[in-house]
Amino acid sequence: MGFKKDFFWGGATAANQCEGGWQEGGKGVSIIDVERGAADGIPRIIDDEVLDGVYYPSHEAIDFYHRYKEDIALFAEMGFKTFRMSIAWTRIFPNGDDEEPNEEGLAFYDRVFDELHKYGIEPLVTLHHYEMPLNLVKKYGSWRNRKLVDFAVRFGVTVMERYKDKVKYWLTFNEINALLTHWRPWHQAGLVFAEKENENQTKLQAMHHQLLASALTVEAAKKINPDFRIGCMLIYPLRYAATCRPEDQVITRDKMIPIYYCGDVQVRGRYTNVCRSLWKKWGCEPQMEPGDEAILKDGTVDFIAFSYYQSNIEGEKDVEQLSGNLTWGGKNPYLKVTDWGWQIDPIGLRIALDNLYDRYQTPLYVVENGMGAVDEVKADGTIDDDYRIEYLRDHIAAMRDAVDLDGVDLMGYTTWGCIDLVSAGTGEMKKRYGFIYVDKDNEGHGTLARSRKKSFYWYQNVIRTNGEEL
Ligand code: BGP
């Protein structure tokens, strides 16, 4: 009983939130490099180009680009079996439409993978994690343009060929379904909507292009190395009906449709009744070319990776709404919230695992979970993040129940932001998830020095005991 012997314990990051080095090694400008941090109630803003005198959090981030050796040594000290990271598209194809890849960028990730393997840490690599070359947004209108499929497949095939003996586990698009449910340009994969544009139509079309790119990449990957294991990656915000009124169950199911939309295509290989019901509701559907259905059918994934942070409630009447960043949906009187208004629901993770496994019967991988919180560094340098330990402990216990009691096939668990990094939602450093503290503030001040929080030692023991001692 308990977690598998070869369970993948580890942590997760994304290139644009940790690497920095935005102009180094021939890297091109990414859409994230022109995005400011949220300030004084003003949400993140995307500029047209890098402006003088403006602070962009991604430019230096936590400088993983130069400090990866030190960081990987700390992950190894915790006993990580895996490390989830992404490859910045702009390091490999600076403009996205370049004919040839950038060797310096390829060589950087060679060094990172070699360093991980030195400690026996298996990389888990996301191809697209909320960034893309700014050039593809400006010149082609991002994913609304079918040309993006070819550029993305070229990027995927290039890195898979290059790292075929160094990386076995891949994810095509981070939280791919967030394109349908969220409203940030990077959630919507570079889409900045034009006036009078039919947003829902554009979303469905852009989503179709991403699903094609994912399927074509999976198909090509299997030829590059038949041992590759490739997953989709879904955002999974659980939803409960606010009351036991039958109408509220229907509303809740409806709200889950965009959440399941991509899983249905990427696992089952076709637009299901669930997907088609969204087309009906939105009054539009993606335009397909002959052969597209076959592409989707042939490019299904081996496993489902997902992020889980919170649950919400849905209903027709009097549902008090939450106000935190990236949260949407109603307040649950039985749950506490984080400082950023995200509802804390460990049992919800068990339910999420059950829902996904019951529906798809495909191995699952929890690749993001964690609690963004303000940490206080004491005078002696220690950081007692008991709240983080409590959050993770309860979620791991719920995960164990899903495995032991419900029979879910679970591959691994990578906590989000295992080292403090830039928040995707707000651009802040203050919203910390890490076991490792990074000395840097929201305005970019700090030494970037790393230090171990109390949770560092706690997680080390969790991994040592394969989740037995929480
Ligand atoms: C997920 C993203 C991550 C990460 C996380 C936490 O949706 O995949 O990139 O950022 O959310 O969100 P935030 O950084 O806004 O706290």
# chains A, B, ... in the order shown; residues from 1 in each chain; ligands from 1

call {"tool": "residues_near_ligand", "arguments": {"ligand": "ligand 1", "cutoff": "9 Å", "atoms": "only C-alpha atoms and all ligand atoms", "output": "NGL selection string"}}
result
:A and (12-14 or 16-17 or 129-130 or 174-175 or 178 or 187 or 235 or 307-309 or 325-326 or 340 or 368-372 or 416-417 or 421-428 or 431-433)

call {"tool": "residues_around", "arguments": {"residues": "Thr217 (chain A)", "least_positions_apart": "4", "cutoff": "10 Å", "atoms": "only C-alpha atoms", "output": "PyMOL selection string"}}
result
chain A and resi 149-150+152-157+160+172+211-213+221-222+230+299

call {"tool": "write_last_selection", "arguments": {"atoms": "C-alpha atoms", "output": "PDB file, in the first residue's frame"}}
result
ATOM      1  CA  VAL A 149       1.130  24.589 -35.635  1.00  0.00           C
ATOM      2  CA  ASP A 150       4.171  24.116 -37.875  1.00  0.00           C
ATOM      3  CA  ALA A 152       5.418  24.657 -32.574  1.00  0.00           C
ATOM      4  CA  VAL A 153       5.937  21.180 -34.017  1.00  0.00           C
ATOM      5  CA  ARG A 154       9.323  22.235 -35.361  1.00  0.00           C
ATOM      6  CA  PHE A 155      10.262  23.454 -31.887  1.00  0.00           C
ATOM      7  CA  GLY A 156       9.006  20.242 -30.230  1.00  0.00           C
ATOM      8  CA  VAL A 157      10.705  17.905 -32.696  1.00  0.00           C
ATOM      9  CA  MET A 160      13.027  15.977 -28.636  1.00  0.00           C
ATOM     10  CA  THR A 172       3.145  19.380 -24.497  1.00  0.00           C
ATOM     11  CA  LEU A 211      -4.498  20.453 -29.976  1.00  0.00           C
ATOM     12  CA  LEU A 212      -3.190  19.731 -33.485  1.00  0.00           C
ATOM     13  CA  ALA A 213       0.311  20.865 -32.507  1.00  0.00           C
ATOM     14  CA  ALA A 221       7.950  11.931 -30.637  1.00  0.00           C
ATOM     15  CA  LYS A 222       7.069   8.257 -30.717  1.00  0.00           C
ATOM     16  CA  ILE A 230       4.139  12.112 -23.118  1.00  0.00           C
ATOM     17  CA  GLY A 299      -1.703  11.851 -31.275  1.00  0.00           C
TER      18      GLY A 299
END

call {"tool": "closest_residue", "arguments": {"among": "A:Asp394, A:Leu171, A:Lys166, A:Ile347", "to": "Tyr334 (chain A)", "atoms": "only C-alpha atoms"}}
result
A:Ile347

call {"tool": "residues_around", "arguments": {"residues": "region 50-63 of chain A", "least_positions_apart": "3", "cutoff": "9 Å", "atoms": "only C-alpha atoms", "output": "ChimeraX atom specification"}}
result
/A:16-23,29,32-37,47,66-68,420-422,427-429,438-440,442-444,448

call {"tool": "write_last_selection", "arguments": {"atoms": "N, CA and C atoms", "output": "compact mmCIF listing (two decimals), in the first residue's frame"}}
result
# COMPACT_ATOMS: atom_id res chain seq x y z
N ASN A 16 10.11 30.84 -17.83
CA ASN A 16 9.95 32.30 -17.78
C ASN A 16 9.80 32.81 -16.35
N GLN A 17 9.50 31.94 -15.41
CA GLN A 17 9.32 32.38 -14.02
C GLN A 17 10.59 32.20 -13.18
N CYS A 18 11.59 31.51 -13.73
CA CYS A 18 12.80 31.33 -12.92
C CYS A 18 14.12 31.63 -13.63
N GLU A 19 14.18 31.47 -14.93
CA GLU A 19 15.49 31.55 -15.58
C GLU A 19 16.14 32.93 -15.57
N GLY A 20 15.40 33.97 -15.93
CA GLY A 20 16.06 35.26 -16.16
C GLY A 20 16.92 35.14 -17.41
N GLY A 21 18.06 35.85 -17.43
CA GLY A 21 18.96 35.79 -18.59
C GLY A 21 18.20 36.03 -19.89
N TRP A 22 17.30 37.01 -19.85
CA TRP A 22 16.36 37.18 -20.96
C TRP A 22 17.01 37.53 -22.29
N GLN A 23 18.26 38.05 -22.21
CA GLN A 23 18.93 38.39 -23.47
C GLN A 23 20.20 37.58 -23.66
N VAL A 29 12.98 37.64 -27.65
CA VAL A 29 12.04 38.26 -26.70
C VAL A 29 10.74 37.45 -26.67
N ILE A 32 6.32 37.15 -22.35
CA ILE A 32 6.45 37.42 -20.92
C ILE A 32 7.49 38.50 -20.63
N ASP A 33 8.44 38.67 -21.54
CA ASP A 33 9.48 39.68 -21.32
C ASP A 33 8.95 41.11 -21.45
N VAL A 34 7.73 41.26 -21.95
CA VAL A 34 7.14 42.60 -22.01
C VAL A 34 5.96 42.70 -21.05
N GLU A 35 5.90 41.79 -20.10
CA GLU A 35 4.78 41.85 -19.14
C GLU A 35 5.26 42.37 -17.80
N ARG A 36 4.61 43.43 -17.34
CA ARG A 36 4.96 44.03 -16.03
C ARG A 36 4.31 43.24 -14.91
N GLY A 37 4.83 43.45 -13.70
CA GLY A 37 4.19 42.86 -12.53
C GLY A 37 2.97 43.66 -12.15
N ASP A 47 3.20 45.08 -22.60
CA ASP A 47 3.59 46.18 -23.49
C ASP A 47 3.86 45.62 -24.89
N HIS A 66 21.93 31.29 -14.46
CA HIS A 66 23.32 31.24 -14.01
C HIS A 66 23.51 30.37 -12.77
N ARG A 67 22.40 30.12 -12.06
CA ARG A 67 22.54 29.44 -10.76
C ARG A 67 21.99 28.02 -10.76
N TYR A 68 21.76 27.45 -11.93
CA TYR A 68 21.10 26.13 -11.95
C TYR A 68 21.88 25.06 -11.21
N ASP A 420 11.44 29.48 -4.58
CA ASP A 420 10.66 30.71 -4.80
C ASP A 420 10.93 31.23 -6.22
N LEU A 421 9.87 31.67 -6.87
CA LEU A 421 10.04 32.22 -8.22
C LEU A 421 8.97 33.29 -8.47
N VAL A 422 8.98 33.84 -9.66
CA VAL A 422 8.04 34.92 -9.99
C VAL A 422 6.64 34.33 -10.16
N GLY A 427 3.15 38.46 -10.99
CA GLY A 427 4.52 38.93 -11.23
C GLY A 427 5.28 39.20 -9.94
N GLU A 428 4.66 38.88 -8.82
CA GLU A 428 5.31 39.15 -7.53
C GLU A 428 6.34 38.09 -7.16
N MET A 429 7.29 38.48 -6.31
CA MET A 429 8.18 37.51 -5.64
C MET A 429 7.61 37.18 -4.26
N VAL A 438 14.41 32.57 -1.83
CA VAL A 438 15.30 33.37 -2.67
C VAL A 438 15.18 34.82 -2.23
N ASP A 439 16.32 35.41 -1.92
CA ASP A 439 16.34 36.78 -1.42
C ASP A 439 16.14 37.77 -2.57
N LYS A 440 14.87 38.08 -2.79
CA LYS A 440 14.54 39.06 -3.83
C LYS A 440 13.14 39.57 -3.54
N ASN A 442 9.62 42.27 -4.62
CA ASN A 442 8.76 42.57 -5.79
C ASN A 442 9.35 43.58 -6.75
N GLU A 443 10.23 44.45 -6.23
CA GLU A 443 10.81 45.49 -7.09
C GLU A 443 12.12 45.05 -7.69
N GLY A 444 12.54 43.82 -7.36
CA GLY A 444 13.77 43.30 -7.96
C GLY A 444 15.01 43.49 -7.10
N LEU A 448 19.66 37.57 -4.20
CA LEU A 448 19.35 36.31 -4.90
C LEU A 448 19.90 35.10 -4.15

call {"tool": "closest_residue", "arguments": {"among": "A:Val192, A:Val125, A:Val137, A:Val337", "to": "Val159 (chain A)", "atoms": "only C-alpha atoms"}}
result
A:Val125

call {"tool": "select_by_dssp", "arguments": {"residues": "region 255-321 of chain A", "states": "alpha helix (DSSP H)", "output": "number ranges by chain"}}
result
A: 255-268, 273-282, 292-298

call {"tool": "residues_around", "arguments": {"residues": "Gly412 (chain A)", "least_positions_apart": "6", "cutoff": "8 Å", "atoms": "only C-alpha atoms", "output": "number ranges by chain"}}
result
A: 7-9, 364-367

call {"tool": "write_last_selection", "arguments": {"atoms": "C-alpha atoms", "output": "PDB file, in the first residue's frame"}}
result
ATOM      1  CA  PHE A   7       7.025   7.331  -7.340  1.00  0.00           C
ATOM      2  CA  PHE A   8       8.295  10.604  -8.776  1.00  0.00           C
ATOM      3  CA  TRP A   9       8.706  13.042  -5.892  1.00  0.00           C
ATOM      4  CA  LEU A 364      -2.213  10.576 -13.499  1.00  0.00           C
ATOM      5  CA  TYR A 365       0.585  12.883 -12.426  1.00  0.00           C
ATOM      6  CA  VAL A 366       0.072  15.821 -10.035  1.00  0.00           C
ATOM      7  CA  VAL A 367       2.581  18.290 -11.474  1.00  0.00           C
TER       8      VAL A 367
END

call {"tool": "atom_distance", "arguments": {"atom1": "CA of Thr158 (chain A)", "atom2": "CA of Leu106 (chain A)"}}
result
9.3 Å

call {"tool": "decode", "arguments": {"residues": "region 249-273 of chain A", "atoms": "N, CA, C and O atoms", "output": "PDB file, in the first residue's frame"}}
result
ATOM      1  N   GLN A 249     -26.573  21.253  -9.803  1.00  0.00           N
ATOM      2  CA  GLN A 249     -25.677  20.193 -10.316  1.00  0.00           C
ATOM      3  C   GLN A 249     -25.443  20.415 -11.811  1.00  0.00           C
ATOM      4  O   GLN A 249     -24.337  20.212 -12.320  1.00  0.00           O
ATOM      5  N   VAL A 250     -26.485  20.837 -12.511  1.00  0.00           N
ATOM      6  CA  VAL A 250     -26.355  21.065 -13.952  1.00  0.00           C
ATOM      7  C   VAL A 250     -25.422  22.257 -14.202  1.00  0.00           C
ATOM      8  O   VAL A 250     -24.540  22.208 -15.066  1.00  0.00           O
ATOM      9  N   ILE A 251     -25.588  23.314 -13.414  1.00  0.00           N
ATOM     10  CA  ILE A 251     -24.717  24.494 -13.561  1.00  0.00           C
ATOM     11  C   ILE A 251     -23.260  24.092 -13.313  1.00  0.00           C
ATOM     12  O   ILE A 251     -22.344  24.483 -14.047  1.00  0.00           O
ATOM     13  N   THR A 252     -23.047  23.258 -12.295  1.00  0.00           N
ATOM     14  CA  THR A 252     -21.695  22.848 -11.943  1.00  0.00           C
ATOM     15  C   THR A 252     -21.080  22.003 -13.062  1.00  0.00           C
ATOM     16  O   THR A 252     -19.924  22.187 -13.445  1.00  0.00           O
ATOM     17  N   ARG A 253     -21.868  21.089 -13.608  1.00  0.00           N
ATOM     18  CA  ARG A 253     -21.365  20.275 -14.723  1.00  0.00           C
ATOM     19  C   ARG A 253     -21.002  21.170 -15.910  1.00  0.00           C
ATOM     20  O   ARG A 253     -19.935  21.000 -16.532  1.00  0.00           O
ATOM     21  N   ASP A 254     -21.855  22.130 -16.182  1.00  0.00           N
ATOM     22  CA  ASP A 254     -21.610  23.058 -17.284  1.00  0.00           C
ATOM     23  C   ASP A 254     -20.282  23.794 -17.125  1.00  0.00           C
ATOM     24  O   ASP A 254     -19.557  24.001 -18.088  1.00  0.00           O
ATOM     25  N   LYS A 255     -20.012  24.199 -15.881  1.00  0.00           N
ATOM     26  CA  LYS A 255     -18.781  24.949 -15.613  1.00  0.00           C
ATOM     27  C   LYS A 255     -17.548  24.063 -15.815  1.00  0.00           C
ATOM     28  O   LYS A 255     -16.447  24.557 -16.023  1.00  0.00           O
ATOM     29  N   MET A 256     -17.712  22.755 -15.694  1.00  0.00           N
ATOM     30  CA  MET A 256     -16.571  21.844 -15.852  1.00  0.00           C
ATOM     31  C   MET A 256     -16.303  21.505 -17.328  1.00  0.00           C
ATOM     32  O   MET A 256     -15.264  20.917 -17.638  1.00  0.00           O
ATOM     33  N   ILE A 257     -17.201  21.879 -18.209  1.00  0.00           N
ATOM     34  CA  ILE A 257     -17.033  21.489 -19.613  1.00  0.00           C
ATOM     35  C   ILE A 257     -15.722  22.019 -20.222  1.00  0.00           C
ATOM     36  O   ILE A 257     -14.957  21.254 -20.808  1.00  0.00           O
ATOM     37  N   PRO A 258     -15.413  23.321 -20.054  1.00  0.00           N
ATOM     38  CA  PRO A 258     -14.133  23.780 -20.609  1.00  0.00           C
ATOM     39  C   PRO A 258     -12.929  23.122 -19.935  1.00  0.00           C
ATOM     40  O   PRO A 258     -11.857  23.027 -20.530  1.00  0.00           O
ATOM     41  N   ILE A 259     -13.117  22.661 -18.707  1.00  0.00           N
ATOM     42  CA  ILE A 259     -12.019  21.999 -17.996  1.00  0.00           C
ATOM     43  C   ILE A 259     -11.726  20.634 -18.638  1.00  0.00           C
ATOM     44  O   ILE A 259     -10.583  20.217 -18.767  1.00  0.00           O
ATOM     45  N   TYR A 260     -12.774  19.930 -19.052  1.00  0.00           N
ATOM     46  CA  TYR A 260     -12.599  18.598 -19.645  1.00  0.00           C
ATOM     47  C   TYR A 260     -12.348  18.620 -21.157  1.00  0.00           C
ATOM     48  O   TYR A 260     -11.971  17.606 -21.736  1.00  0.00           O
ATOM     49  N   TYR A 261     -12.608  19.759 -21.759  1.00  0.00           N
ATOM     50  CA  TYR A 261     -12.564  19.871 -23.226  1.00  0.00           C
ATOM     51  C   TYR A 261     -11.275  19.274 -23.820  1.00  0.00           C
ATOM     52  O   TYR A 261     -11.315  18.432 -24.716  1.00  0.00           O
ATOM     53  N   CYS A 262     -10.127  19.704 -23.274  1.00  0.00           N
ATOM     54  CA  CYS A 262      -8.848  19.265 -23.861  1.00  0.00           C
ATOM     55  C   CYS A 262      -8.508  17.839 -23.472  1.00  0.00           C
ATOM     56  O   CYS A 262      -7.967  17.083 -24.279  1.00  0.00           O
ATOM     57  N   GLY A 263      -8.800  17.469 -22.227  1.00  0.00           N
ATOM     58  CA  GLY A 263      -8.535  16.092 -21.803  1.00  0.00           C
ATOM     59  C   GLY A 263      -9.281  15.125 -22.708  1.00  0.00           C
ATOM     60  O   GLY A 263      -8.739  14.103 -23.142  1.00  0.00           O
ATOM     61  N   ASP A 264     -10.513  15.463 -23.037  1.00  0.00           N
ATOM     62  CA  ASP A 264     -11.300  14.587 -23.907  1.00  0.00           C
ATOM     63  C   ASP A 264     -10.596  14.380 -25.254  1.00  0.00           C
ATOM     64  O   ASP A 264     -10.483  13.266 -25.746  1.00  0.00           O
ATOM     65  N   VAL A 265     -10.106  15.476 -25.826  1.00  0.00           N
ATOM     66  CA  VAL A 265      -9.453  15.358 -27.138  1.00  0.00           C
ATOM     67  C   VAL A 265      -8.089  14.670 -27.002  1.00  0.00           C
ATOM     68  O   VAL A 265      -7.753  13.771 -27.781  1.00  0.00           O
ATOM     69  N   GLN A 266      -7.318  15.081 -26.004  1.00  0.00           N
ATOM     70  CA  GLN A 266      -5.944  14.571 -25.928  1.00  0.00           C
ATOM     71  C   GLN A 266      -5.859  13.117 -25.447  1.00  0.00           C
ATOM     72  O   GLN A 266      -4.905  12.421 -25.747  1.00  0.00           O
ATOM     73  N   VAL A 267      -6.870  12.674 -24.702  1.00  0.00           N
ATOM     74  CA  VAL A 267      -6.861  11.288 -24.236  1.00  0.00           C
ATOM     75  C   VAL A 267      -7.689  10.399 -25.151  1.00  0.00           C
ATOM     76  O   VAL A 267      -7.286   9.305 -25.516  1.00  0.00           O
ATOM     77  N   ARG A 268      -8.854  10.895 -25.556  1.00  0.00           N
ATOM     78  CA  ARG A 268      -9.740  10.049 -26.370  1.00  0.00           C
ATOM     79  C   ARG A 268      -9.537  10.225 -27.867  1.00  0.00           C
ATOM     80  O   ARG A 268     -10.031   9.448 -28.673  1.00  0.00           O
ATOM     81  N   GLY A 269      -8.854  11.319 -28.235  1.00  0.00           N
ATOM     82  CA  GLY A 269      -8.510  11.505 -29.643  1.00  0.00           C
ATOM     83  C   GLY A 269      -9.641  12.049 -30.496  1.00  0.00           C
ATOM     84  O   GLY A 269      -9.629  11.884 -31.720  1.00  0.00           O
ATOM     85  N   ARG A 270     -10.603  12.686 -29.879  1.00  0.00           N
ATOM     86  CA  ARG A 270     -11.698  13.256 -30.693  1.00  0.00           C
ATOM     87  C   ARG A 270     -12.468  14.288 -29.870  1.00  0.00           C
ATOM     88  O   ARG A 270     -12.412  14.269 -28.632  1.00  0.00           O
ATOM     89  N   TYR A 271     -13.152  15.170 -30.579  1.00  0.00           N
ATOM     90  CA  TYR A 271     -14.049  16.098 -29.903  1.00  0.00           C
ATOM     91  C   TYR A 271     -15.284  15.308 -29.471  1.00  0.00           C
ATOM     92  O   TYR A 271     -16.020  14.796 -30.319  1.00  0.00           O
ATOM     93  N   THR A 272     -15.482  15.203 -28.173  1.00  0.00           N
ATOM     94  CA  THR A 272     -16.584  14.388 -27.641  1.00  0.00           C
ATOM     95  C   THR A 272     -17.874  15.211 -27.542  1.00  0.00           C
ATOM     96  O   THR A 272     -17.885  16.409 -27.839  1.00  0.00           O
ATOM     97  N   ASN A 273     -18.921  14.566 -27.074  1.00  0.00           N
ATOM     98  CA  ASN A 273     -20.196  15.271 -26.857  1.00  0.00           C
ATOM     99  C   ASN A 273     -20.009  16.462 -25.917  1.00  0.00           C
ATOM    100  O   ASN A 273     -20.669  17.499 -26.052  1.00  0.00           O
TER     101      ASN A 273
END
